[in-house]
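Student: What follows is a single structure, and I will ask about it in a moment.
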Amino acid sequence: AQKVTQAQTEISVVEKEDVTLDCVYETRDTTYYLFWYKQPPSGELVFLIRRNSFDEQNEISGRYSWNFQKSTSSFNFTITASQVVDSAVYFCALRGGLQTGANNLFFGTGTRLTVIP
Amino acid sequence: KAGVTQTPRYLIKTRGQQVTLSCSPISGHRSVSWYQQTPGQGLQFLFEYFSETQRNKGNFPGRFSGRQFSNSRSEMNVSTLELGDSALYLCASKGTHYGYTFGSGTRLTVV
């Protein structure tokens, strides 16, 4: 079965602090893809990153960075020097399916991040 | 290029009615998926269409159906609406890579 766990329901930080959002996944597929999406109050899911299971290299994009560790089935997301505009709900998602056939996105329950000015 | 367009943005319906939501994917994308988002159940997969064929289906009752047209535009239909169908319905468009682009959603309220 495919499962994504985001244990942190809500996080509040003061502007300019760093914050890490945790994501743990479960899958029987050996080839899979992991995603992070941002959902502002407008409702649209904004794509942030996609990683495949064969690429464990960490990635940095501006103030955003991602740490993918297959050994612990985790794909954590760090925002450095947080800003008020980072306030949103963040979703981690898994797409497997090449072995199990479940080739849709499975989402975690999301982490609501509030950045306090 | 234009993003994913979902219409309408907001909808209020009465229990027992039916509703049709529309999604126009990114030009050239042939895959359209639908997701339901509720506070209680989170984001759940409804179905995926590719080249006018339903390729995958989530665990929803038969009241939820969809279709895709030759221009890749997709519609989803919910018949005999229930209060629990109140949700944000999101459509995702996918091209040849594994990235999904979502629309702004249709917020359905059933009263």
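For the structure tokens, the naming scheme is as follows: chains receive sequential letters (A, B, ...) according to their order of presentation, residues are indexed from 1 within each chain, and ligands are indexed from 1 in presentation order.
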When DSSP is applied to the backbone of this structure, which of segment 25-98 of chain A are assigned strand (DSSP E or B)? Write them out as an MDAnalysis selection string.
Tutor: chainID A and resid 25:26 33:39 46:52 59:61 64:69 74:79 88:95
Student: Output N, CA, C and O atoms of each residue in that selection to a file, as a short mmCIF file (atom, residue, chain, number, x, y, z; two decimals), in the first residue's frame.
Tutor:
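Now in selection.cif:
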data_model
loop_
_atom_site.label_atom_id
_atom_site.label_comp_id
_atom_site.auth_asym_id
_atom_site.auth_seq_id
_atom_site.Cartn_x
_atom_site.Cartn_y
_atom_site.Cartn_z
N TYR A 25 7.24 8.14 3.99
CA TYR A 25 6.38 7.45 3.03
C TYR A 25 6.55 5.93 3.13
O TYR A 25 7.55 5.44 3.65
N GLU A 26 5.55 5.24 2.62
CA GLU A 26 5.59 3.78 2.54
C GLU A 26 5.15 3.37 1.14
O GLU A 26 4.15 3.88 0.63
N TYR A 33 7.94 8.17 -7.24
CA TYR A 33 8.24 9.59 -7.32
C TYR A 33 7.65 10.28 -6.09
O TYR A 33 6.57 9.93 -5.63
N LEU A 34 8.39 11.23 -5.60
CA LEU A 34 7.95 12.02 -4.44
C LEU A 34 7.81 13.47 -4.84
O LEU A 34 8.58 13.98 -5.65
N PHE A 35 6.82 14.11 -4.26
CA PHE A 35 6.51 15.49 -4.61
C PHE A 35 6.27 16.31 -3.34
O PHE A 35 5.86 15.79 -2.31
N TRP A 36 6.49 17.59 -3.48
CA TRP A 36 6.01 18.56 -2.50
C TRP A 36 5.18 19.61 -3.24
O TRP A 36 5.58 20.08 -4.32
N TYR A 37 4.03 19.93 -2.62
CA TYR A 37 3.16 20.97 -3.16
C TYR A 37 2.86 21.97 -2.07
O TYR A 37 2.79 21.63 -0.89
N LYS A 38 2.63 23.21 -2.48
CA LYS A 38 2.24 24.28 -1.57
C LYS A 38 0.80 24.68 -1.91
O LYS A 38 0.47 24.85 -3.09
N GLN A 39 -0.03 24.82 -0.89
CA GLN A 39 -1.40 25.24 -1.11
C GLN A 39 -1.68 26.53 -0.35
O GLN A 39 -1.91 26.52 0.85
N VAL A 46 0.42 24.26 -5.70
CA VAL A 46 1.56 24.76 -6.45
C VAL A 46 2.70 23.75 -6.35
O VAL A 46 3.16 23.42 -5.24
N PHE A 47 3.16 23.29 -7.49
CA PHE A 47 4.24 22.30 -7.54
C PHE A 47 5.54 22.92 -7.06
O PHE A 47 5.92 24.01 -7.47
N LEU A 48 6.25 22.21 -6.17
CA LEU A 48 7.55 22.68 -5.68
C LEU A 48 8.68 21.82 -6.18
O LEU A 48 9.70 22.34 -6.66
N ILE A 49 8.54 20.49 -6.07
CA ILE A 49 9.64 19.63 -6.46
C ILE A 49 9.13 18.21 -6.73
O ILE A 49 8.11 17.79 -6.18
N ARG A 50 9.83 17.50 -7.60
CA ARG A 50 9.61 16.08 -7.85
C ARG A 50 10.96 15.37 -7.80
O ARG A 50 11.93 15.85 -8.39
N ARG A 51 11.01 14.25 -7.09
CA ARG A 51 12.22 13.44 -7.07
C ARG A 51 11.85 12.01 -7.39
O ARG A 51 10.82 11.51 -6.96
N ASN A 52 12.72 11.32 -8.12
CA ASN A 52 12.47 9.90 -8.35
C ASN A 52 13.28 9.08 -7.36
O ASN A 52 14.26 9.56 -6.78
N GLU A 59 18.56 18.53 -2.94
CA GLU A 59 18.38 19.64 -3.89
C GLU A 59 18.12 20.92 -3.14
O GLU A 59 17.46 20.95 -2.11
N ILE A 60 18.66 21.99 -3.68
CA ILE A 60 18.45 23.32 -3.11
C ILE A 60 17.94 24.23 -4.22
O ILE A 60 18.46 24.23 -5.34
N SER A 61 16.91 24.99 -3.88
CA SER A 61 16.38 25.96 -4.82
C SER A 61 16.09 27.23 -4.05
O SER A 61 15.04 27.35 -3.40
N TYR A 64 14.68 27.13 -0.49
CA TYR A 64 14.10 25.80 -0.29
C TYR A 64 15.18 24.73 -0.48
O TYR A 64 16.00 24.81 -1.38
N SER A 65 15.11 23.70 0.34
CA SER A 65 15.98 22.55 0.15
C SER A 65 15.23 21.29 0.56
O SER A 65 14.30 21.34 1.38
N TRP A 66 15.64 20.19 -0.05
CA TRP A 66 14.97 18.92 0.20
C TRP A 66 16.00 17.85 0.53
O TRP A 66 17.05 17.77 -0.12
N ASN A 67 15.69 17.03 1.50
CA ASN A 67 16.56 15.95 1.93
C ASN A 67 15.83 14.63 1.74
O ASN A 67 14.86 14.35 2.44
N PHE A 68 16.30 13.83 0.79
CA PHE A 68 15.67 12.56 0.47
C PHE A 68 16.55 11.45 1.00
O PHE A 68 17.72 11.33 0.61
N GLN A 69 16.02 10.62 1.87
CA GLN A 69 16.78 9.49 2.43
C GLN A 69 15.95 8.22 2.30
O GLN A 69 14.99 8.02 3.04
N SER A 74 12.22 8.91 4.01
CA SER A 74 11.84 10.28 4.34
C SER A 74 12.22 11.24 3.22
O SER A 74 13.20 11.02 2.48
N PHE A 75 11.44 12.27 3.10
CA PHE A 75 11.67 13.29 2.08
C PHE A 75 11.30 14.63 2.71
O PHE A 75 10.21 15.14 2.52
N ASN A 76 12.24 15.19 3.49
CA ASN A 76 11.96 16.38 4.28
C ASN A 76 12.26 17.66 3.51
O ASN A 76 13.13 17.69 2.64
N PHE A 77 11.54 18.69 3.87
CA PHE A 77 11.59 19.96 3.16
C PHE A 77 11.94 21.06 4.15
O PHE A 77 11.30 21.19 5.18
N THR A 78 12.99 21.82 3.83
CA THR A 78 13.45 22.89 4.71
C THR A 78 13.32 24.23 4.01
O THR A 78 13.73 24.38 2.86
N ILE A 79 12.74 25.17 4.72
CA ILE A 79 12.70 26.56 4.25
C ILE A 79 13.66 27.36 5.12
O ILE A 79 13.53 27.37 6.36
N ALA A 88 1.34 28.79 4.35
CA ALA A 88 0.50 27.98 3.46
C ALA A 88 0.40 26.59 4.07
O ALA A 88 1.01 26.30 5.10
N VAL A 89 -0.34 25.73 3.40
CA VAL A 89 -0.35 24.32 3.76
C VAL A 89 0.55 23.60 2.75
O VAL A 89 0.43 23.82 1.54
N TYR A 90 1.44 22.78 3.25
CA TYR A 90 2.38 22.06 2.40
C TYR A 90 2.06 20.57 2.41
O TYR A 90 1.88 19.97 3.47
N PHE A 91 1.99 20.01 1.22
CA PHE A 91 1.66 18.59 1.07
C PHE A 91 2.83 17.84 0.45
O PHE A 91 3.41 18.27 -0.53
N CYS A 92 3.09 16.69 1.04
CA CYS A 92 4.03 15.74 0.47
C CYS A 92 3.19 14.67 -0.23
O CYS A 92 2.11 14.30 0.26
N ALA A 93 3.64 14.20 -1.38
CA ALA A 93 2.86 13.21 -2.13
C ALA A 93 3.77 12.16 -2.73
O ALA A 93 4.95 12.42 -3.02
N LEU A 94 3.21 10.99 -2.95
CA LEU A 94 3.94 9.85 -3.49
C LEU A 94 3.21 9.34 -4.72
O LEU A 94 1.98 9.21 -4.72
N ARG A 95 3.95 9.05 -5.77
CA ARG A 95 3.38 8.36 -6.91
C ARG A 95 4.22 7.13 -7.17
O ARG A 95 5.39 7.23 -7.48
#
Student: Per residue of chain B within 10 Å of chain A, record the nearest atom pair and its distance in Å to one decimal, counting only C-alpha atoms, with rows in chain order and ascending residue number, as JSON lines.
Tutor:
{"residue": "B:Ser33", "atom": "CA", "partner": "A:Asn104", "partner_atom": "CA", "distance": 8.2}
{"residue": "B:Trp34", "atom": "CA", "partner": "A:Asn104", "partner_atom": "CA", "distance": 9.9}
{"residue": "B:Tyr35", "atom": "CA", "partner": "A:Leu105", "partner_atom": "CA", "distance": 9.2}
{"residue": "B:Gln37", "atom": "CA", "partner": "A:Gly43", "partner_atom": "CA", "distance": 9.9}
{"residue": "B:Pro39", "atom": "CA", "partner": "A:Thr109", "partner_atom": "CA", "distance": 9.3}
{"residue": "B:Gly40", "atom": "CA", "partner": "A:Thr109", "partner_atom": "CA", "distance": 9.5}
{"residue": "B:Gln41", "atom": "CA", "partner": "A:Thr109", "partner_atom": "CA", "distance": 8.3}
{"residue": "B:Gly42", "atom": "CA", "partner": "A:Thr109", "partner_atom": "CA", "distance": 5.9}
{"residue": "B:Leu43", "atom": "CA", "partner": "A:Phe107", "partner_atom": "CA", "distance": 6.2}
{"residue": "B:Gln44", "atom": "CA", "partner": "A:Phe106", "partner_atom": "CA", "distance": 7.4}
{"residue": "B:Phe45", "atom": "CA", "partner": "A:Asn104", "partner_atom": "CA", "distance": 7.1}
{"residue": "B:Leu46", "atom": "CA", "partner": "A:Asn104", "partner_atom": "CA", "distance": 9.4}
{"residue": "B:Phe47", "atom": "CA", "partner": "A:Asn104", "partner_atom": "CA", "distance": 8.5}
{"residue": "B:Glu48", "atom": "CA", "partner": "A:Asn104", "partner_atom": "CA", "distance": 7.9}
{"residue": "B:Arg55", "atom": "CA", "partner": "A:Asn103", "partner_atom": "CA", "distance": 9.4}
{"residue": "B:Asn56", "atom": "CA", "partner": "A:Asn103", "partner_atom": "CA", "distance": 7.7}
{"residue": "B:Lys57", "atom": "CA", "partner": "A:Asn104", "partner_atom": "CA", "distance": 8.9}
{"residue": "B:Gly58", "atom": "CA", "partner": "A:Asn104", "partner_atom": "CA", "distance": 8.9}
{"residue": "B:Leu88", "atom": "CA", "partner": "A:Gly43", "partner_atom": "CA", "distance": 8.0}
{"residue": "B:Tyr89", "atom": "CA", "partner": "A:Gly43", "partner_atom": "CA", "distance": 9.8}
{"residue": "B:Leu90", "atom": "CA", "partner": "A:Glu44", "partner_atom": "CA", "distance": 7.9}
{"residue": "B:Cys91", "atom": "CA", "partner": "A:Glu44", "partner_atom": "CA", "distance": 9.7}
{"residue": "B:Ala92", "atom": "CA", "partner": "A:Leu45", "partner_atom": "CA", "distance": 9.2}
{"residue": "B:Tyr98", "atom": "CA", "partner": "A:Tyr33", "partner_atom": "CA", "distance": 7.9}
{"residue": "B:Gly99", "atom": "CA", "partner": "A:Arg50", "partner_atom": "CA", "distance": 7.0}
{"residue": "B:Tyr100", "atom": "CA", "partner": "A:Phe47", "partner_atom": "CA", "distance": 7.5}
{"residue": "B:Thr101", "atom": "CA", "partner": "A:Phe47", "partner_atom": "CA", "distance": 6.8}
{"residue": "B:Phe102", "atom": "CA", "partner": "A:Leu45", "partner_atom": "CA", "distance": 5.7}
{"residue": "B:Gly103", "atom": "CA", "partner": "A:Glu44", "partner_atom": "CA", "distance": 5.9}
{"residue": "B:Ser104", "atom": "CA", "partner": "A:Glu44", "partner_atom": "CA", "distance": 4.1}
{"residue": "B:Gly105", "atom": "CA", "partner": "A:Glu44", "partner_atom": "CA", "distance": 6.4}
{"residue": "B:Thr106", "atom": "CA", "partner": "A:Gly43", "partner_atom": "CA", "distance": 9.1}
{"residue": "B:Arg107", "atom": "CA", "partner": "A:Gly43", "partner_atom": "CA", "distance": 9.0}
Student: Quick one: of B:Gln18, B:Ser24, B:Ser86, B:Thr96, who's nearest to Phe69 of chain B, counting only C-alpha atoms?
Tutor: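 Among the listed residues, B:Ser24 lies closest to Phe69 of chain B.
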Student: So which residues touch Gln54 of chain B within 9 Å, counting only C-alpha atoms, skipping near sequence neighbours fewer than 4 positions away, as a list in words?
Tutor: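 Result of the neighbour search: Phe47, Glu48, Tyr49, Phe50, Gly66, Arg67 and Gln68 of chain B.
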Student: How far is it from atom CA of Glu75 of chain B to atom CA of Ala1 of chain A, in Å with one decimal?
Tutor: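 One can read the atom CA of Glu75 of chain B to atom CA of Ala1 of chain A distance as 28.5 Å.
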Student: Compare B:Ala87, B:Val111, B:Ala2, B:Val78 by their minimum atom-to-atom distance to Arg15 of chain B, counting only C-alpha atoms, and give me the closest one.
Tutor: B:Val111
